[in-house]
file protein-v5.tsv (TSV, C-alpha atoms)
chain	number	residue	atom	x	y	z
M	1	MET	CA	-8.52	-16.54	-11.97
M	2	LYS	CA	-11.07	-14.96	-9.66
M	3	ALA	CA	-10.55	-11.27	-9.08
M	4	ILE	CA	-12.00	-8.20	-7.44
M	5	VAL	CA	-12.48	-5.43	-10.01
M	6	ILE	CA	-13.46	-1.77	-9.92
M	7	THR	CA	-16.55	-1.63	-12.12
M	8	GLU	CA	-16.66	2.18	-11.95
M	9	TYR	CA	-15.36	4.84	-9.60
M	10	GLY	CA	-17.38	5.19	-6.43
M	11	GLY	CA	-18.05	3.69	-3.01
M	12	PRO	CA	-17.35	0.15	-1.80
M	13	GLU	CA	-20.38	-1.15	-3.69
M	14	VAL	CA	-18.59	-0.67	-7.06
M	15	LEU	CA	-16.26	-3.59	-6.24
M	16	ALA	CA	-17.33	-6.83	-7.89
M	17	LEU	CA	-16.12	-10.43	-7.92
M	18	THR	CA	-15.41	-11.80	-11.36
M	19	GLU	CA	-13.36	-14.31	-13.35
M	20	LEU	CA	-10.45	-13.13	-15.50
M	21	PRO	CA	-7.96	-15.01	-17.70
M	22	ASP	CA	-4.88	-16.20	-15.83
M	23	PRO	CA	-2.03	-13.73	-16.43
M	24	GLU	CA	1.12	-14.79	-18.27
M	25	PRO	CA	4.38	-13.72	-16.61
M	26	GLY	CA	6.79	-11.84	-18.83
M	27	ALA	CA	10.52	-11.29	-18.61
M	28	GLY	CA	11.55	-10.39	-15.07
M	29	GLU	CA	8.10	-11.28	-13.73
M	30	VAL	CA	6.83	-14.07	-11.49
M	31	LEU	CA	3.27	-15.44	-11.46
M	32	ILE	CA	1.95	-15.80	-7.90
M	33	ARG	CA	-1.11	-17.62	-6.63
M	34	VAL	CA	-2.38	-15.13	-4.08
M	35	ARG	CA	-3.43	-16.65	-0.76
M	36	ALA	CA	-4.08	-13.41	1.11
M	37	PHE	CA	-3.62	-9.68	0.66
M	38	GLY	CA	-3.54	-6.66	2.91
M	39	LEU	CA	-5.86	-3.68	2.60
M	40	ASN	CA	-4.58	-0.10	2.62
M	41	HIS	CA	-6.27	3.28	2.46
M	42	ALA	CA	-4.67	3.64	-0.98
M	43	GLU	CA	-7.11	1.06	-2.39
M	44	THR	CA	-10.06	3.21	-1.32
M	45	TYR	CA	-8.56	6.17	-3.19
M	46	MET	CA	-8.01	4.04	-6.29
M	47	ARG	CA	-11.58	2.73	-6.09
M	48	SER	CA	-13.11	6.18	-5.67
M	49	GLY	CA	-11.24	7.65	-8.63
M	50	SER	CA	-9.36	10.14	-6.48
M	51	TRP	CA	-6.04	9.06	-8.01
M	52	GLY	CA	-7.23	9.15	-11.60
M	53	LYS	CA	-6.89	6.17	-13.91
M	54	VAL	CA	-5.70	3.03	-12.12
M	55	ALA	CA	-5.61	-0.69	-12.80
M	56	GLN	CA	-9.01	-2.42	-12.91
M	57	VAL	CA	-7.83	-4.94	-10.30
M	58	PRO	CA	-6.44	-2.93	-7.36
M	59	GLY	CA	-3.83	-4.21	-4.97
M	60	ILE	CA	-0.55	-3.23	-3.35
M	61	GLU	CA	0.65	-6.22	-1.32
M	62	CYS	CA	0.04	-9.96	-1.17
M	63	ALA	CA	1.28	-13.29	0.13
M	64	GLY	CA	1.11	-16.53	-1.80
M	65	THR	CA	3.04	-19.19	-3.69
M	66	VAL	CA	4.91	-19.14	-6.97
M	67	VAL	CA	3.09	-20.64	-9.94
M	68	ALA	CA	5.68	-19.90	-12.60
M	69	ASP	CA	8.98	-18.05	-12.88
M	70	PRO	CA	10.21	-17.81	-16.50
M	71	GLY	CA	13.62	-16.74	-15.20
M	72	GLY	CA	13.99	-19.97	-13.22
M	73	ARG	CA	15.00	-18.27	-9.98
M	74	LEU	CA	12.00	-19.35	-7.88
M	75	ALA	CA	10.62	-22.88	-7.92
M	76	ALA	CA	6.89	-23.48	-8.20
M	77	GLY	CA	5.33	-23.64	-4.75
M	78	THR	CA	7.83	-21.26	-3.13
M	79	ALA	CA	6.14	-19.09	-0.50
M	80	VAL	CA	6.56	-15.40	-1.31
M	81	VAL	CA	5.32	-11.94	-0.42
M	82	ALA	CA	4.97	-9.14	-2.97
M	83	ILE	CA	5.01	-5.37	-2.57
M	84	LEU	CA	3.87	-3.06	-5.35
M	85	GLY	CA	5.26	0.47	-5.53
M	86	GLY	CA	4.90	3.21	-8.12
M	87	MET	CA	1.63	4.73	-6.87
M	88	GLY	CA	2.35	8.21	-8.17
M	89	ARG	CA	-1.23	9.47	-7.86
M	90	THR	CA	-2.74	12.57	-6.30
M	91	ARG	CA	-5.25	12.90	-3.51
M	92	ASP	CA	-6.82	15.97	-1.88
M	93	GLY	CA	-5.29	16.44	1.54
M	94	SER	CA	-4.79	19.13	4.11
M	95	TYR	CA	-2.05	21.75	3.99
M	96	ALA	CA	-2.96	22.76	7.55
M	97	VAL	CA	-1.79	19.40	8.87
M	98	LEU	CA	1.79	19.96	7.66
M	99	HIS	CA	1.76	23.64	8.61
M	100	ASP	CA	0.54	22.94	12.16
M	101	SER	CA	2.97	20.06	12.62
M	102	LEU	CA	5.88	22.34	11.79
M	103	ARG	CA	4.58	25.06	14.07
M	104	ILE	CA	4.42	22.81	17.15
M	105	ALA	CA	7.81	21.14	16.57
M	106	ARG	CA	10.49	21.97	19.13
M	107	PRO	CA	13.61	23.91	18.09
M	108	ARG	CA	15.95	21.52	16.22
M	109	GLY	CA	13.03	19.11	15.95
M	110	ARG	CA	12.13	17.11	12.87
M	111	VAL	CA	8.92	16.64	10.87
M	112	CYS	CA	8.62	13.93	8.24
M	113	GLN	CA	5.90	13.97	5.59
M	114	LEU	CA	5.40	10.20	5.44
M	115	GLY	CA	3.85	8.58	2.41
M	116	PHE	CA	1.93	10.13	-0.44
M	117	LEU	CA	-1.69	9.51	0.56
M	118	GLY	CA	-2.22	13.26	0.82
M	119	GLY	CA	-1.02	13.94	-2.72
M	120	LEU	CA	0.48	17.36	-3.30
M	121	GLU	CA	-2.13	19.29	-1.33
M	122	PRO	CA	-0.21	19.21	1.99
M	123	VAL	CA	2.67	21.07	0.31
M	124	ALA	CA	0.75	23.17	-2.21
M	125	GLY	CA	1.79	26.78	-1.75
M	126	PHE	CA	4.32	25.77	0.90
M	127	ASP	CA	6.98	28.47	1.36
M	128	PRO	CA	10.03	27.07	3.16
M	129	ILE	CA	11.23	30.55	4.14
M	130	ALA	CA	7.91	31.67	5.62
M	131	ASP	CA	6.48	28.34	6.80
M	132	LEU	CA	9.50	26.38	8.02
M	133	PRO	CA	10.46	27.54	11.54
M	134	THR	CA	14.11	28.30	12.14
M	135	SER	CA	16.10	25.16	13.07
M	136	VAL	CA	13.18	22.76	12.40
M	137	GLN	CA	13.95	20.08	9.81
M	138	LEU	CA	11.45	18.81	7.23
M	139	SER	CA	11.88	15.60	5.25
M	140	PHE	CA	9.73	13.36	3.06
M	141	TYR	CA	9.54	9.60	2.67
M	142	GLY	CA	7.46	8.03	-0.05
M	143	SER	CA	8.05	4.28	-0.27
M	144	ALA	CA	5.94	3.95	-3.41
M	145	PHE	CA	8.47	6.03	-5.34
M	146	VAL	CA	11.69	4.39	-4.17
M	147	LEU	CA	11.16	0.77	-3.11
M	148	GLY	CA	12.44	-1.54	-5.81
M	149	THR	CA	14.68	1.07	-7.42
M	150	GLU	CA	18.45	0.77	-7.75
M	151	ASP	CA	18.99	2.99	-4.70
M	152	PHE	CA	16.42	1.15	-2.53
M	153	PRO	CA	16.37	-2.51	-3.66
M	154	LEU	CA	13.78	-4.75	-2.05
M	155	ALA	CA	16.48	-7.35	-1.54
M	156	GLU	CA	17.93	-5.19	1.24
M	157	ILE	CA	14.71	-5.42	3.28
M	158	PRO	CA	15.12	-8.35	5.70
M	159	LEU	CA	11.64	-9.74	5.05
M	160	ALA	CA	12.57	-13.33	5.92
M	161	GLU	CA	14.01	-12.19	9.26
M	162	MET	CA	10.93	-10.09	9.98
M	163	ILE	CA	8.63	-13.05	9.22
M	164	THR	CA	10.67	-15.35	11.46
M	165	LYS	CA	10.48	-12.88	14.35
M	166	ALA	CA	6.74	-12.42	13.82
M	167	GLU	CA	6.19	-16.19	13.86
M	168	ALA	CA	8.23	-16.40	17.08
M	169	GLY	CA	6.05	-13.76	18.71
M	170	ARG	CA	8.74	-11.07	18.90
M	171	TYR	CA	6.62	-8.81	16.69
M	172	ARG	CA	2.92	-8.21	17.25
M	173	ALA	CA	2.12	-8.77	13.60
M	174	LYS	CA	-1.31	-10.39	13.61
M	175	PRO	CA	-4.03	-8.61	11.59
M	176	VAL	CA	-6.86	-7.08	13.60
M	177	ARG	CA	-9.39	-8.69	11.28
M	178	VAL	CA	-9.43	-11.22	8.44
M	179	PHE	CA	-12.13	-11.00	5.78
M	180	GLY	CA	-13.21	-13.59	3.26
M	181	PHE	CA	-12.75	-12.87	-0.45
M	182	ASP	CA	-16.46	-12.25	-0.87
M	183	GLN	CA	-16.43	-9.72	2.00
M	184	ILE	CA	-14.37	-7.13	0.14
M	185	VAL	CA	-17.16	-4.52	0.16
M	186	GLU	CA	-17.54	-4.89	3.93
M	187	ALA	CA	-13.76	-4.57	4.35
M	188	HIS	CA	-13.65	-1.32	2.36
M	189	ARG	CA	-16.53	0.05	4.41
M	190	ALA	CA	-14.61	-0.71	7.61
M	191	ILE	CA	-11.67	1.32	6.33
M	192	GLU	CA	-13.84	4.26	5.28
M	193	HIS	CA	-15.74	4.29	8.59
M	194	GLY	CA	-12.49	4.36	10.55
M	195	THR	CA	-13.16	1.05	12.30
M	196	ALA	CA	-10.15	-0.85	10.97
M	197	ALA	CA	-8.02	-0.13	14.08
M	198	GLY	CA	-5.01	-1.80	12.48
M	199	LYS	CA	-4.00	-4.01	9.59
M	200	MET	CA	-6.80	-5.90	7.87
M	201	VAL	CA	-6.28	-8.89	5.57
M	202	VAL	CA	-8.43	-10.60	2.95
M	203	ALA	CA	-7.97	-14.37	2.66
M	204	VAL	CA	-8.31	-15.97	-0.75
M	205	SER	CA	-9.66	-19.52	-0.61
call {"tool": "encode", "arguments": {"input": "protein-v5.tsv", "output": "structure tokens"}}
result
Amino acid sequence: MKAIVITEYGGPEVLALTELPDPEPGAGEVLIRVRAFGLNHAETYMRSGSWGKVAQVPGIECAGTVVADPGGRLAAGTAVVAILGGMGRTRDGSYAVLHDSLRIARPRGRVCQLGFLGGLEPVAGFDPIADLPTSVQLSFYGSAFVLGTEDFPLAEIPLAEMITKAEAGRYRAKPVRVFGFDQIVEAHRAIEHGTAAGKMVVAVS
């Protein structure tokens, strides 16, 4: 298979196109021929080494078709989307962002620390007694830690319904830009320069 690999930690230029052996699906796994994949800021952190040791071929989400399912649940050619969780990595962030958000919240207001892109830095040294204003509520949601677990099964996410509504135009779900497979370095640069302005997708020919 052709793949994009991290040759070493660094900037977008460390990403390289290469050929790797086709993977073999194990028990409970499905082999997917990827047709397109979305880009997230998380991939830039993986590439730069900010999250420590990561897989050589980065990726969090994709769309494609089933090649093989040893369990026999999905027939070859079935269109699928895949979401990868478990990104328990750390990344330097800003404690001031959380602190200031709490300070400007209205009485009985709520602040949610969404995602884990900031690592533990936003809450390092956080003192709930001193830093959490009276009556303000603070919560955290990290999809990478819970999606796919027994308490938050992916089967409960109405993905098929969401796709149908997007195709019907009820959701504005089109990517702001689609890159070719060989434009991965350019795509990463767009993310780092803050010019993405929405969801970007890489198409695999």
call {"tool": "atom_distance", "arguments": {"input": "protein-v5.tsv", "atom1": "atom CA of Gly77 of chain M", "atom2": "atom CA of Phe179 of chain M"}}
result
24.0 Å
call {"tool": "atom_distance", "arguments": {"input": "protein-v5.tsv", "atom1": "atom CA of Ala168 of chain M", "atom2": "atom CA of Gly64 of chain M"}}
result
20.2 Å
call {"tool": "residues_near_point", "arguments": {"input": "protein-v5.tsv", "point": "(-0.9, -11.3, -9.2)", "cutoff": "9 Å", "atoms": "only C-alpha atoms", "output": "number ranges by chain"}}
result
M: 23, 30-34, 59, 62, 82
call {"tool": "axis_aligned_box", "arguments": {"input": "protein-v5.tsv", "around": "segment 69-85 of chain M", "padding_each_side": "4 Å", "output": "AutoDock Vina command-line options"}}
result
--center_x 9.4 --center_y -11.6 --center_z -8.5 --size_x 19.1 --size_y 32.1 --size_z 24.1
call {"tool": "atom_distance", "arguments": {"input": "protein-v5.tsv", "atom1": "atom CA of Val123 of chain M", "atom2": "atom CA of Gly109 of chain M"}}
result
18.9 Å
call {"tool": "closest_residue", "arguments": {"input": "protein-v5.tsv", "among": "M:Ala130, M:Val201, M:Met46, M:Ala36", "to": "Val14 of chain M", "atoms": "only C-alpha atoms"}}
result
M:Met46
call {"tool": "closest_residue", "arguments": {"input": "protein-v5.tsv", "among": "M:Ile4, M:Leu74, M:Ile60, M:Ala68", "to": "Leu39 of chain M", "atoms": "all atoms listed in the file"}}
result
M:Ile60
call {"tool": "build_atoms", "arguments": {"input": "protein-v5.tsv", "residues": "segment 187-199 of chain M", "atoms": "N, CA and C atoms", "output": "PDB file, in the coordinates of the input"}}
result
ATOM      1  N   ALA M 187     -15.098  -4.974   3.921  1.00  0.00           N
ATOM      2  CA  ALA M 187     -13.760  -4.570   4.350  1.00  0.00           C
ATOM      3  C   ALA M 187     -13.478  -3.114   3.984  1.00  0.00           C
ATOM      4  N   HIS M 188     -13.861  -2.713   2.783  1.00  0.00           N
ATOM      5  CA  HIS M 188     -13.650  -1.320   2.360  1.00  0.00           C
ATOM      6  C   HIS M 188     -14.500  -0.367   3.205  1.00  0.00           C
ATOM      7  N   ARG M 189     -15.694  -0.798   3.560  1.00  0.00           N
ATOM      8  CA  ARG M 189     -16.530   0.050   4.410  1.00  0.00           C
ATOM      9  C   ARG M 189     -15.900   0.233   5.789  1.00  0.00           C
ATOM     10  N   ALA M 190     -15.270  -0.822   6.309  1.00  0.00           N
ATOM     11  CA  ALA M 190     -14.610  -0.710   7.610  1.00  0.00           C
ATOM     12  C   ALA M 190     -13.489   0.312   7.570  1.00  0.00           C
ATOM     13  N   ILE M 191     -12.739   0.332   6.470  1.00  0.00           N
ATOM     14  CA  ILE M 191     -11.670   1.320   6.330  1.00  0.00           C
ATOM     15  C   ILE M 191     -12.251   2.730   6.277  1.00  0.00           C
ATOM     16  N   GLU M 192     -13.261   2.927   5.460  1.00  0.00           N
ATOM     17  CA  GLU M 192     -13.840   4.260   5.280  1.00  0.00           C
ATOM     18  C   GLU M 192     -14.515   4.776   6.547  1.00  0.00           C
ATOM     19  N   HIS M 193     -15.065   3.877   7.363  1.00  0.00           N
ATOM     20  CA  HIS M 193     -15.740   4.290   8.590  1.00  0.00           C
ATOM     21  C   HIS M 193     -14.781   4.448   9.755  1.00  0.00           C
ATOM     22  N   GLY M 194     -13.489   4.191   9.503  1.00  0.00           N
ATOM     23  CA  GLY M 194     -12.490   4.360  10.550  1.00  0.00           C
ATOM     24  C   GLY M 194     -12.528   3.302  11.632  1.00  0.00           C
ATOM     25  N   THR M 195     -13.050   2.112  11.309  1.00  0.00           N
ATOM     26  CA  THR M 195     -13.160   1.050  12.300  1.00  0.00           C
ATOM     27  C   THR M 195     -12.129  -0.045  12.101  1.00  0.00           C
ATOM     28  N   ALA M 196     -11.156   0.185  11.232  1.00  0.00           N
ATOM     29  CA  ALA M 196     -10.150  -0.850  10.970  1.00  0.00           C
ATOM     30  C   ALA M 196      -9.292  -1.103  12.202  1.00  0.00           C
ATOM     31  N   ALA M 197      -8.809  -0.040  12.841  1.00  0.00           N
ATOM     32  CA  ALA M 197      -8.020  -0.130  14.080  1.00  0.00           C
ATOM     33  C   ALA M 197      -6.767  -0.993  13.911  1.00  0.00           C
ATOM     34  N   GLY M 198      -6.206  -1.014  12.731  1.00  0.00           N
ATOM     35  CA  GLY M 198      -5.010  -1.800  12.480  1.00  0.00           C
ATOM     36  C   GLY M 198      -5.035  -2.455  11.120  1.00  0.00           C
ATOM     37  N   LYS M 199      -4.115  -3.364  10.897  1.00  0.00           N
ATOM     38  CA  LYS M 199      -4.000  -4.010   9.590  1.00  0.00           C
ATOM     39  C   LYS M 199      -5.091  -5.040   9.372  1.00  0.00           C
TER      40      LYS M 199
END
